[in-house]
file run-v1.txt (compact mmCIF, N, CA and C atoms)
# COMPACT_ATOMS: atom_id res chain seq x y z
N GLY Z 623 4.66 -1.24 3.98
CA GLY Z 623 5.00 -0.21 3.04
C GLY Z 623 3.93 0.88 3.01
N SER Z 624 4.21 1.85 2.21
CA SER Z 624 3.30 2.98 2.09
C SER Z 624 2.34 2.77 0.92
N ASP Z 625 1.39 3.68 0.81
CA ASP Z 625 0.45 3.63 -0.31
C ASP Z 625 1.17 3.87 -1.63
N ARG Z 626 2.15 4.75 -1.62
CA ARG Z 626 2.91 5.04 -2.84
C ARG Z 626 3.66 3.80 -3.32
N LEU Z 627 4.26 3.05 -2.40
CA LEU Z 627 4.98 1.83 -2.76
C LEU Z 627 4.02 0.79 -3.33
N LEU Z 628 2.85 0.68 -2.75
CA LEU Z 628 1.84 -0.25 -3.25
C LEU Z 628 1.36 0.15 -4.64
N THR Z 629 1.15 1.43 -4.85
CA THR Z 629 0.72 1.92 -6.16
C THR Z 629 1.78 1.66 -7.21
N LEU Z 630 3.03 1.93 -6.89
CA LEU Z 630 4.12 1.67 -7.84
C LEU Z 630 4.26 0.19 -8.15
N ALA Z 631 4.03 -0.66 -7.15
CA ALA Z 631 4.09 -2.10 -7.38
C ALA Z 631 3.00 -2.56 -8.34
N HIS Z 632 1.85 -1.93 -8.28
CA HIS Z 632 0.75 -2.30 -9.17
C HIS Z 632 0.93 -1.73 -10.57
N LEU Z 633 1.89 -0.85 -10.77
CA LEU Z 633 2.16 -0.30 -12.11
C LEU Z 633 3.17 -1.14 -12.89
N VAL Z 634 3.72 -2.16 -12.28
CA VAL Z 634 4.73 -2.98 -12.97
C VAL Z 634 4.13 -3.69 -14.18
N VAL Z 635 2.99 -4.30 -14.03
CA VAL Z 635 2.37 -5.03 -15.15
C VAL Z 635 1.95 -4.08 -16.28
N PRO Z 636 1.24 -2.98 -16.00
CA PRO Z 636 0.93 -2.06 -17.10
C PRO Z 636 2.17 -1.47 -17.76
N ALA Z 637 3.22 -1.19 -16.98
CA ALA Z 637 4.45 -0.64 -17.56
C ALA Z 637 5.10 -1.66 -18.49
N THR Z 638 5.15 -2.90 -18.07
CA THR Z 638 5.73 -3.95 -18.91
C THR Z 638 4.92 -4.11 -20.19
N GLY Z 639 3.62 -4.11 -20.08
CA GLY Z 639 2.76 -4.22 -21.26
C GLY Z 639 2.93 -3.05 -22.20
N ALA Z 640 3.02 -1.85 -21.66
CA ALA Z 640 3.17 -0.65 -22.50
C ALA Z 640 4.51 -0.66 -23.23
N VAL Z 641 5.57 -1.05 -22.55
CA VAL Z 641 6.89 -1.09 -23.18
C VAL Z 641 6.94 -2.17 -24.26
N LEU Z 642 6.40 -3.35 -23.96
CA LEU Z 642 6.37 -4.42 -24.97
C LEU Z 642 5.55 -4.03 -26.19
N TRP Z 643 4.38 -3.49 -25.95
CA TRP Z 643 3.48 -3.11 -27.05
C TRP Z 643 4.10 -2.05 -27.95
N THR Z 644 4.66 -1.01 -27.35
CA THR Z 644 5.25 0.04 -28.17
C THR Z 644 6.53 -0.42 -28.84
N SER Z 645 7.27 -1.29 -28.21
CA SER Z 645 8.49 -1.82 -28.84
C SER Z 645 8.15 -2.65 -30.07
N ILE Z 646 7.16 -3.51 -29.96
CA ILE Z 646 6.74 -4.33 -31.10
C ILE Z 646 6.16 -3.45 -32.20
N THR Z 647 5.35 -2.48 -31.82
CA THR Z 647 4.76 -1.57 -32.80
C THR Z 647 5.83 -0.76 -33.52
N ALA Z 648 6.79 -0.23 -32.77
CA ALA Z 648 7.85 0.57 -33.38
C ALA Z 648 8.71 -0.27 -34.32
N ALA Z 649 8.88 -1.55 -33.99
CA ALA Z 649 9.69 -2.42 -34.84
C ALA Z 649 8.96 -2.80 -36.13
N LEU Z 650 7.64 -2.92 -36.08
CA LEU Z 650 6.87 -3.38 -37.23
C LEU Z 650 6.35 -2.26 -38.13
N VAL Z 651 6.16 -1.08 -37.59
CA VAL Z 651 5.60 0.02 -38.37
C VAL Z 651 6.74 0.97 -38.76
N PRO Z 652 6.94 1.18 -40.06
CA PRO Z 652 8.03 2.07 -40.46
C PRO Z 652 7.69 3.54 -40.18
N GLY Z 653 8.71 4.31 -39.88
CA GLY Z 653 8.52 5.74 -39.70
C GLY Z 653 8.23 6.19 -38.29
N ILE Z 654 8.22 5.28 -37.32
CA ILE Z 654 7.99 5.67 -35.93
C ILE Z 654 9.34 5.88 -35.26
N SER Z 655 9.54 7.06 -34.72
CA SER Z 655 10.82 7.34 -34.06
C SER Z 655 10.84 6.74 -32.67
N VAL Z 656 12.06 6.63 -32.14
CA VAL Z 656 12.22 6.10 -30.78
C VAL Z 656 11.57 7.03 -29.77
N LEU Z 657 11.66 8.33 -30.00
CA LEU Z 657 11.05 9.29 -29.09
C LEU Z 657 9.53 9.17 -29.07
N ALA Z 658 8.93 8.98 -30.24
CA ALA Z 658 7.47 8.81 -30.31
C ALA Z 658 7.05 7.53 -29.61
N ALA Z 659 7.82 6.46 -29.76
CA ALA Z 659 7.50 5.20 -29.08
C ALA Z 659 7.64 5.35 -27.57
N ALA Z 660 8.65 6.10 -27.12
CA ALA Z 660 8.82 6.33 -25.68
C ALA Z 660 7.68 7.16 -25.12
N ILE Z 661 7.23 8.16 -25.88
CA ILE Z 661 6.09 8.98 -25.44
C ILE Z 661 4.84 8.11 -25.34
N SER Z 662 4.66 7.18 -26.27
CA SER Z 662 3.49 6.29 -26.24
C SER Z 662 3.52 5.41 -25.00
N ALA Z 663 4.67 4.82 -24.72
CA ALA Z 663 4.78 3.94 -23.55
C ALA Z 663 4.56 4.71 -22.25
N ALA Z 664 5.23 5.84 -22.12
CA ALA Z 664 5.08 6.65 -20.90
C ALA Z 664 3.66 7.20 -20.79
N GLY Z 665 3.09 7.61 -21.92
CA GLY Z 665 1.73 8.14 -21.91
C GLY Z 665 0.70 7.10 -21.51
N GLY Z 666 0.85 5.90 -22.04
CA GLY Z 666 -0.07 4.81 -21.67
C GLY Z 666 -0.01 4.51 -20.18
N LEU Z 667 1.19 4.52 -19.65
CA LEU Z 667 1.35 4.27 -18.22
C LEU Z 667 0.77 5.41 -17.38
N LEU Z 668 1.02 6.64 -17.79
CA LEU Z 668 0.49 7.79 -17.05
C LEU Z 668 -1.04 7.83 -17.08
N VAL Z 669 -1.62 7.52 -18.23
CA VAL Z 669 -3.08 7.51 -18.33
C VAL Z 669 -3.67 6.42 -17.45
N THR Z 670 -3.05 5.23 -17.46
CA THR Z 670 -3.52 4.14 -16.61
C THR Z 670 -3.44 4.54 -15.13
N TYR Z 671 -2.33 5.12 -14.74
CA TYR Z 671 -2.16 5.56 -13.35
C TYR Z 671 -3.18 6.63 -12.97
N ARG Z 672 -3.38 7.58 -13.87
CA ARG Z 672 -4.30 8.69 -13.59
C ARG Z 672 -5.74 8.20 -13.47
N MET Z 673 -6.13 7.25 -14.32
CA MET Z 673 -7.49 6.73 -14.23
C MET Z 673 -7.67 5.86 -12.99
N ALA Z 674 -6.64 5.12 -12.61
CA ALA Z 674 -6.75 4.22 -11.45
C ALA Z 674 -6.74 4.97 -10.13
N THR Z 675 -6.13 6.14 -10.08
CA THR Z 675 -6.02 6.86 -8.82
C THR Z 675 -7.00 8.02 -8.70
N ARG Z 676 -7.97 8.08 -9.58
CA ARG Z 676 -8.93 9.19 -9.48
C ARG Z 676 -9.77 9.02 -8.21
N PRO Z 677 -10.24 10.12 -7.67
CA PRO Z 677 -11.08 10.04 -6.48
C PRO Z 677 -12.44 9.40 -6.82
N PRO Z 678 -13.17 8.96 -5.80
CA PRO Z 678 -14.49 8.38 -6.06
C PRO Z 678 -15.41 9.38 -6.77
N MET Z 679 -16.34 8.85 -7.54
CA MET Z 679 -17.27 9.70 -8.28
C MET Z 679 -18.12 10.51 -7.30
N ASP Z 680 -18.29 11.78 -7.62
CA ASP Z 680 -19.12 12.68 -6.82
C ASP Z 680 -20.42 12.90 -7.59
N TYR Z 681 -21.52 12.46 -7.00
CA TYR Z 681 -22.81 12.56 -7.67
C TYR Z 681 -23.57 13.83 -7.29
N GLY Z 682 -22.98 14.65 -6.45
CA GLY Z 682 -23.60 15.92 -6.09
C GLY Z 682 -23.14 17.00 -7.06
N GLY Z 683 -23.62 18.16 -6.86
CA GLY Z 683 -23.19 19.27 -7.70
C GLY Z 683 -24.29 19.75 -8.61
N SER Z 684 -23.91 20.61 -9.54
CA SER Z 684 -24.91 21.21 -10.41
C SER Z 684 -25.45 20.20 -11.42
N LEU Z 685 -26.71 20.38 -11.78
CA LEU Z 685 -27.39 19.48 -12.70
C LEU Z 685 -27.70 20.19 -14.01
N VAL Z 686 -27.69 19.44 -15.08
CA VAL Z 686 -28.07 19.96 -16.39
C VAL Z 686 -29.20 19.09 -16.91
N ASP Z 687 -30.24 19.72 -17.44
CA ASP Z 687 -31.37 18.98 -17.98
C ASP Z 687 -31.14 18.71 -19.46
N PHE Z 688 -30.98 17.43 -19.82
CA PHE Z 688 -30.76 17.03 -21.20
C PHE Z 688 -32.04 16.57 -21.89
N GLY Z 689 -33.17 16.96 -21.36
CA GLY Z 689 -34.45 16.62 -21.98
C GLY Z 689 -34.83 15.17 -21.74
N VAL Z 690 -34.70 14.34 -22.76
CA VAL Z 690 -35.11 12.93 -22.67
C VAL Z 690 -34.31 12.19 -21.61
N LEU Z 691 -33.03 12.52 -21.45
CA LEU Z 691 -32.19 11.83 -20.48
C LEU Z 691 -32.43 12.28 -19.05
N GLY Z 692 -33.07 13.40 -18.87
CA GLY Z 692 -33.35 13.91 -17.54
C GLY Z 692 -32.20 14.72 -16.98
N LEU Z 693 -32.21 14.91 -15.67
CA LEU Z 693 -31.18 15.69 -15.00
C LEU Z 693 -29.91 14.85 -14.83
N ILE Z 694 -28.78 15.41 -15.23
CA ILE Z 694 -27.50 14.71 -15.12
C ILE Z 694 -26.51 15.65 -14.44
N PRO Z 695 -25.82 15.17 -13.38
CA PRO Z 695 -24.79 16.00 -12.76
C PRO Z 695 -23.64 16.27 -13.73
N VAL Z 696 -23.17 17.50 -13.79
CA VAL Z 696 -22.08 17.88 -14.69
C VAL Z 696 -20.81 17.10 -14.35
N SER Z 697 -20.61 16.80 -13.09
CA SER Z 697 -19.40 16.09 -12.68
C SER Z 697 -19.35 14.66 -13.26
N LEU Z 698 -20.49 14.08 -13.59
CA LEU Z 698 -20.49 12.74 -14.20
C LEU Z 698 -19.92 12.76 -15.61
N ILE Z 699 -19.86 13.93 -16.22
CA ILE Z 699 -19.28 14.05 -17.55
C ILE Z 699 -17.79 14.39 -17.44
N SER Z 700 -17.44 15.24 -16.50
CA SER Z 700 -16.04 15.70 -16.40
C SER Z 700 -15.14 14.74 -15.64
N GLN Z 701 -15.63 14.04 -14.63
CA GLN Z 701 -14.78 13.18 -13.81
C GLN Z 701 -14.22 11.98 -14.57
N PRO Z 702 -14.98 11.26 -15.39
CA PRO Z 702 -14.39 10.13 -16.13
C PRO Z 702 -13.38 10.56 -17.18
N ALA Z 703 -13.33 11.83 -17.53
CA ALA Z 703 -12.39 12.31 -18.55
C ALA Z 703 -11.00 12.53 -17.98
N ARG Z 704 -10.77 12.17 -16.75
CA ARG Z 704 -9.48 12.40 -16.09
C ARG Z 704 -8.32 11.74 -16.84
N GLY Z 705 -8.42 10.50 -17.25
CA GLY Z 705 -7.36 9.83 -17.98
C GLY Z 705 -7.37 10.12 -19.47
N PRO Z 706 -8.52 9.98 -20.13
CA PRO Z 706 -8.57 10.23 -21.57
C PRO Z 706 -8.19 11.65 -21.98
N ALA Z 707 -8.41 12.63 -21.14
CA ALA Z 707 -7.99 13.99 -21.47
C ALA Z 707 -6.47 14.08 -21.53
N LEU Z 708 -5.80 13.41 -20.60
CA LEU Z 708 -4.34 13.35 -20.63
C LEU Z 708 -3.86 12.61 -21.88
N LEU Z 709 -4.57 11.57 -22.27
CA LEU Z 709 -4.22 10.82 -23.48
C LEU Z 709 -4.32 11.71 -24.72
N ALA Z 710 -5.33 12.55 -24.78
CA ALA Z 710 -5.48 13.46 -25.93
C ALA Z 710 -4.33 14.45 -25.98
N VAL Z 711 -3.91 14.97 -24.84
CA VAL Z 711 -2.78 15.90 -24.81
C VAL Z 711 -1.49 15.19 -25.24
N LEU Z 712 -1.30 13.97 -24.77
CA LEU Z 712 -0.10 13.22 -25.16
C LEU Z 712 -0.10 12.88 -26.65
N CYS Z 713 -1.26 12.65 -27.22
CA CYS Z 713 -1.34 12.42 -28.67
C CYS Z 713 -0.90 13.66 -29.44
N LEU Z 714 -1.31 14.83 -28.98
CA LEU Z 714 -0.88 16.07 -29.63
C LEU Z 714 0.63 16.26 -29.52
N VAL Z 715 1.19 15.93 -28.35
CA VAL Z 715 2.64 16.04 -28.16
C VAL Z 715 3.36 15.07 -29.09
N GLN Z 716 2.84 13.87 -29.20
CA GLN Z 716 3.47 12.86 -30.06
C GLN Z 716 3.39 13.28 -31.53
N MET Z 717 2.31 13.87 -31.95
CA MET Z 717 2.20 14.33 -33.34
C MET Z 717 3.16 15.48 -33.61
N ALA Z 718 3.40 16.33 -32.59
CA ALA Z 718 4.35 17.42 -32.77
C ALA Z 718 5.78 16.91 -32.88
N VAL Z 719 6.07 15.79 -32.22
CA VAL Z 719 7.41 15.21 -32.25
C VAL Z 719 7.67 14.55 -33.60
N GLN Z 720 6.66 13.92 -34.17
CA GLN Z 720 6.84 13.21 -35.44
C GLN Z 720 7.23 14.14 -36.48
call {"tool": "encode", "arguments": {"input": "run-v1.txt", "output": "structure tokens"}}
result
Amino acid sequence: GSDRLLTLAHLVVPATGAVLWTSITAALVPGISVLAAAISAAGGLLVTYRMATRPPMDYGGSLVDFGVLGLIPVSLISQPARGPALLAVLCLVQMAVQ
């Protein structure tokens, strides 16, 4: 198979977990719409996929001096935000839907 098929196969467990978790949460917490629960499940899966498929960390690039911490590459701050930044956007979308 291809890399895409392998990646999709590895998303089965996170997708199942996300659907189960949001289904149970939506059933137990009053006031959550079906659309908001669907956005949560899809968002959790997208964030997991985005974090798992990010390119390797690049330690080169411009440096910033933080004083006590020393020189830190700017990319070390921006690269790990690849998944959580998407999660923040999806949270805003979900709040707009509610």
call {"tool": "residues_around", "arguments": {"input": "run-v1.txt", "residues": "Z:Ser645", "least_positions_apart": "6", "cutoff": "8 Å", "atoms": "all atoms listed in the file", "output": "list in words"}}
result
Gly639, Val651, Ala659, Ala660 and Ala663 of chain Z
call {"tool": "residues_around", "arguments": {"input": "run-v1.txt", "residues": "Z:Val719", "least_positions_apart": "6", "cutoff": "8 Å", "atoms": "all atoms listed in the file", "output": "JSON, numbers by chain"}}
result
{"Z": [655, 657, 658, 713]}
call {"tool": "atom_distance", "arguments": {"input": "run-v1.txt", "atom1": "atom CA of Z:Leu650", "atom2": "atom CA of Z:Gly705"}}
result
27.3 Å
call {"tool": "closest_residue", "arguments": {"input": "run-v1.txt", "among": "Z:Asp625, Z:Leu691, Z:Val656, Z:Ala664", "to": "Z:Val641", "atoms": "only N, CA and C atoms"}}
result
Z:Ala664
call {"tool": "atom_distance", "arguments": {"input": "run-v1.txt", "atom1": "atom N of Z:Arg672", "atom2": "atom N of Z:Ser700"}}
result
16.2 Å
call {"tool": "atom_distance", "arguments": {"input": "run-v1.txt", "atom1": "atom CA of Z:Pro636", "atom2": "atom CA of Z:Met673"}}
result
12.5 Å
call {"tool": "residues_around", "arguments": {"input": "run-v1.txt", "residues": "Z:Val669", "least_positions_apart": "5", "cutoff": "8 Å", "atoms": "only C-alpha atoms", "output": "PDB file with N, CA and C atoms, keeping the file's coordinate frame"}}
result
ATOM      1  N   GLY Z 705      -8.420  10.500 -17.250  1.00  0.00           N
ATOM      2  CA  GLY Z 705      -7.360   9.830 -17.980  1.00  0.00           C
ATOM      3  C   GLY Z 705      -7.370  10.120 -19.470  1.00  0.00           C
ATOM      4  N   PRO Z 706      -8.520   9.980 -20.130  1.00  0.00           N
ATOM      5  CA  PRO Z 706      -8.570  10.230 -21.570  1.00  0.00           C
ATOM      6  C   PRO Z 706      -8.190  11.650 -21.980  1.00  0.00           C
ATOM      7  N   LEU Z 708      -5.800  13.410 -20.600  1.00  0.00           N
ATOM      8  CA  LEU Z 708      -4.340  13.350 -20.630  1.00  0.00           C
ATOM      9  C   LEU Z 708      -3.860  12.610 -21.880  1.00  0.00           C
ATOM     10  N   LEU Z 709      -4.570  11.570 -22.270  1.00  0.00           N
ATOM     11  CA  LEU Z 709      -4.220  10.820 -23.480  1.00  0.00           C
ATOM     12  C   LEU Z 709      -4.320  11.710 -24.720  1.00  0.00           C
TER      13      LEU Z 709
END
call {"tool": "select_by_dssp", "arguments": {"input": "run-v1.txt", "residues": "stretch 660-715 of chain Z", "states": "helix (DSSP H, G or I)", "output": "PyMOL selection string"}}
result
chain Z and resi 660-674+689-691+697-715
call {"tool": "closest_residue", "arguments": {"input": "run-v1.txt", "among": "Z:Ala703, Z:Leu633, Z:Leu628, Z:Ala640", "to": "Z:Gly666", "atoms": "only C-alpha atoms"}}
result
Z:Ala640
call {"tool": "select_by_dssp", "arguments": {"input": "run-v1.txt", "residues": "stretch 625-720 of chain Z", "states": "strand (DSSP E)", "output": "MDAnalysis selection string"}}
result
chainID Z and resid 685:687 693:695
call {"tool": "residues_around", "arguments": {"input": "run-v1.txt", "residues": "Z:Pro695", "least_positions_apart": "5", "cutoff": "5 Å", "atoms": "all atoms listed in the file", "output": "list in words"}}
result
Ser684, Leu685 and Val686 of chain Z
call {"tool": "build_atoms", "arguments": {"input": "run-v1.txt", "residues": "stretch 631-652 of chain Z", "atoms": "N, CA, C and O atoms", "output": "JSON list (two decimals), in the coordinates of the input"}}
result
[["chain", "number", "residue", "atom", "x", "y", "z"],
["Z", 631, "ALA", "N", 4.03, -0.66, -7.15],
["Z", 631, "ALA", "CA", 4.09, -2.10, -7.38],
["Z", 631, "ALA", "C", 3.00, -2.56, -8.34],
["Z", 631, "ALA", "O", 3.21, -3.44, -9.17],
["Z", 632, "HIS", "N", 1.85, -1.93, -8.28],
["Z", 632, "HIS", "CA", 0.75, -2.30, -9.17],
["Z", 632, "HIS", "C", 0.93, -1.73, -10.57],
["Z", 632, "HIS", "O", 0.19, -2.09, -11.48],
["Z", 633, "LEU", "N", 1.89, -0.85, -10.77],
["Z", 633, "LEU", "CA", 2.16, -0.30, -12.11],
["Z", 633, "LEU", "C", 3.17, -1.14, -12.89],
["Z", 633, "LEU", "O", 3.41, -0.86, -14.05],
["Z", 634, "VAL", "N", 3.72, -2.16, -12.28],
["Z", 634, "VAL", "CA", 4.73, -2.98, -12.97],
["Z", 634, "VAL", "C", 4.13, -3.69, -14.18],
["Z", 634, "VAL", "O", 4.72, -3.67, -15.27],
["Z", 635, "VAL", "N", 2.99, -4.30, -14.03],
["Z", 635, "VAL", "CA", 2.37, -5.03, -15.15],
["Z", 635, "VAL", "C", 1.95, -4.08, -16.28],
["Z", 635, "VAL", "O", 2.28, -4.34, -17.44],
["Z", 636, "PRO", "N", 1.24, -2.98, -16.00],
["Z", 636, "PRO", "CA", 0.93, -2.06, -17.10],
["Z", 636, "PRO", "C", 2.17, -1.47, -17.76],
["Z", 636, "PRO", "O", 2.20, -1.27, -18.98],
["Z", 637, "ALA", "N", 3.22, -1.19, -16.98],
["Z", 637, "ALA", "CA", 4.45, -0.64, -17.56],
["Z", 637, "ALA", "C", 5.10, -1.66, -18.49],
["Z", 637, "ALA", "O", 5.55, -1.31, -19.59],
["Z", 638, "THR", "N", 5.15, -2.90, -18.07],
["Z", 638, "THR", "CA", 5.73, -3.95, -18.91],
["Z", 638, "THR", "C", 4.92, -4.11, -20.19],
["Z", 638, "THR", "O", 5.48, -4.21, -21.28],
["Z", 639, "GLY", "N", 3.62, -4.11, -20.08],
["Z", 639, "GLY", "CA", 2.76, -4.22, -21.26],
["Z", 639, "GLY", "C", 2.93, -3.05, -22.20],
["Z", 639, "GLY", "O", 2.99, -3.22, -23.42],
["Z", 640, "ALA", "N", 3.02, -1.85, -21.66],
["Z", 640, "ALA", "CA", 3.17, -0.65, -22.50],
["Z", 640, "ALA", "C", 4.51, -0.66, -23.23],
["Z", 640, "ALA", "O", 4.58, -0.35, -24.42],
["Z", 641, "VAL", "N", 5.57, -1.05, -22.55],
["Z", 641, "VAL", "CA", 6.89, -1.09, -23.18],
["Z", 641, "VAL", "C", 6.94, -2.17, -24.26],
["Z", 641, "VAL", "O", 7.45, -1.94, -25.37],
["Z", 642, "LEU", "N", 6.40, -3.35, -23.96],
["Z", 642, "LEU", "CA", 6.37, -4.42, -24.97],
["Z", 642, "LEU", "C", 5.55, -4.03, -26.19],
["Z", 642, "LEU", "O", 5.97, -4.23, -27.33],
["Z", 643, "TRP", "N", 4.38, -3.49, -25.95],
["Z", 643, "TRP", "CA", 3.48, -3.11, -27.05],
["Z", 643, "TRP", "C", 4.10, -2.05, -27.95],
["Z", 643, "TRP", "O", 4.10, -2.17, -29.17],
["Z", 644, "THR", "N", 4.66, -1.01, -27.35],
["Z", 644, "THR", "CA", 5.25, 0.04, -28.17],
["Z", 644, "THR", "C", 6.53, -0.42, -28.84],
["Z", 644, "THR", "O", 6.84, 0.03, -29.95],
["Z", 645, "SER", "N", 7.27, -1.29, -28.21],
["Z", 645, "SER", "CA", 8.49, -1.82, -28.84],
["Z", 645, "SER", "C", 8.15, -2.65, -30.07],
["Z", 645, "SER", "O", 8.78, -2.50, -31.13],
["Z", 646, "ILE", "N", 7.16, -3.51, -29.96],
["Z", 646, "ILE", "CA", 6.74, -4.33, -31.10],
["Z", 646, "ILE", "C", 6.16, -3.45, -32.20],
["Z", 646, "ILE", "O", 6.46, -3.62, -33.38],
["Z", 647, "THR", "N", 5.35, -2.48, -31.82],
["Z", 647, "THR", "CA", 4.76, -1.57, -32.80],
["Z", 647, "THR", "C", 5.83, -0.76, -33.52],
["Z", 647, "THR", "O", 5.80, -0.61, -34.74],
["Z", 648, "ALA", "N", 6.79, -0.23, -32.77],
["Z", 648, "ALA", "CA", 7.85, 0.57, -33.38],
["Z", 648, "ALA", "C", 8.71, -0.27, -34.32],
["Z", 648, "ALA", "O", 9.21, 0.22, -35.33],
["Z", 649, "ALA", "N", 8.88, -1.55, -33.99],
["Z", 649, "ALA", "CA", 9.69, -2.42, -34.84],
["Z", 649, "ALA", "C", 8.96, -2.80, -36.13],
["Z", 649, "ALA", "O", 9.59, -2.98, -37.17],
["Z", 650, "LEU", "N", 7.64, -2.92, -36.08],
["Z", 650, "LEU", "CA", 6.87, -3.38, -37.23],
["Z", 650, "LEU", "C", 6.35, -2.26, -38.13],
["Z", 650, "LEU", "O", 6.10, -2.50, -39.31],
["Z", 651, "VAL", "N", 6.16, -1.08, -37.59],
["Z", 651, "VAL", "CA", 5.60, 0.02, -38.37],
["Z", 651, "VAL", "C", 6.74, 0.97, -38.76],
["Z", 651, "VAL", "O", 7.42, 1.51, -37.89],
["Z", 652, "PRO", "N", 6.94, 1.18, -40.06],
["Z", 652, "PRO", "CA", 8.03, 2.07, -40.46],
["Z", 652, "PRO", "C", 7.69, 3.54, -40.18],
["Z", 652, "PRO", "O", 6.53, 3.94, -40.22]]
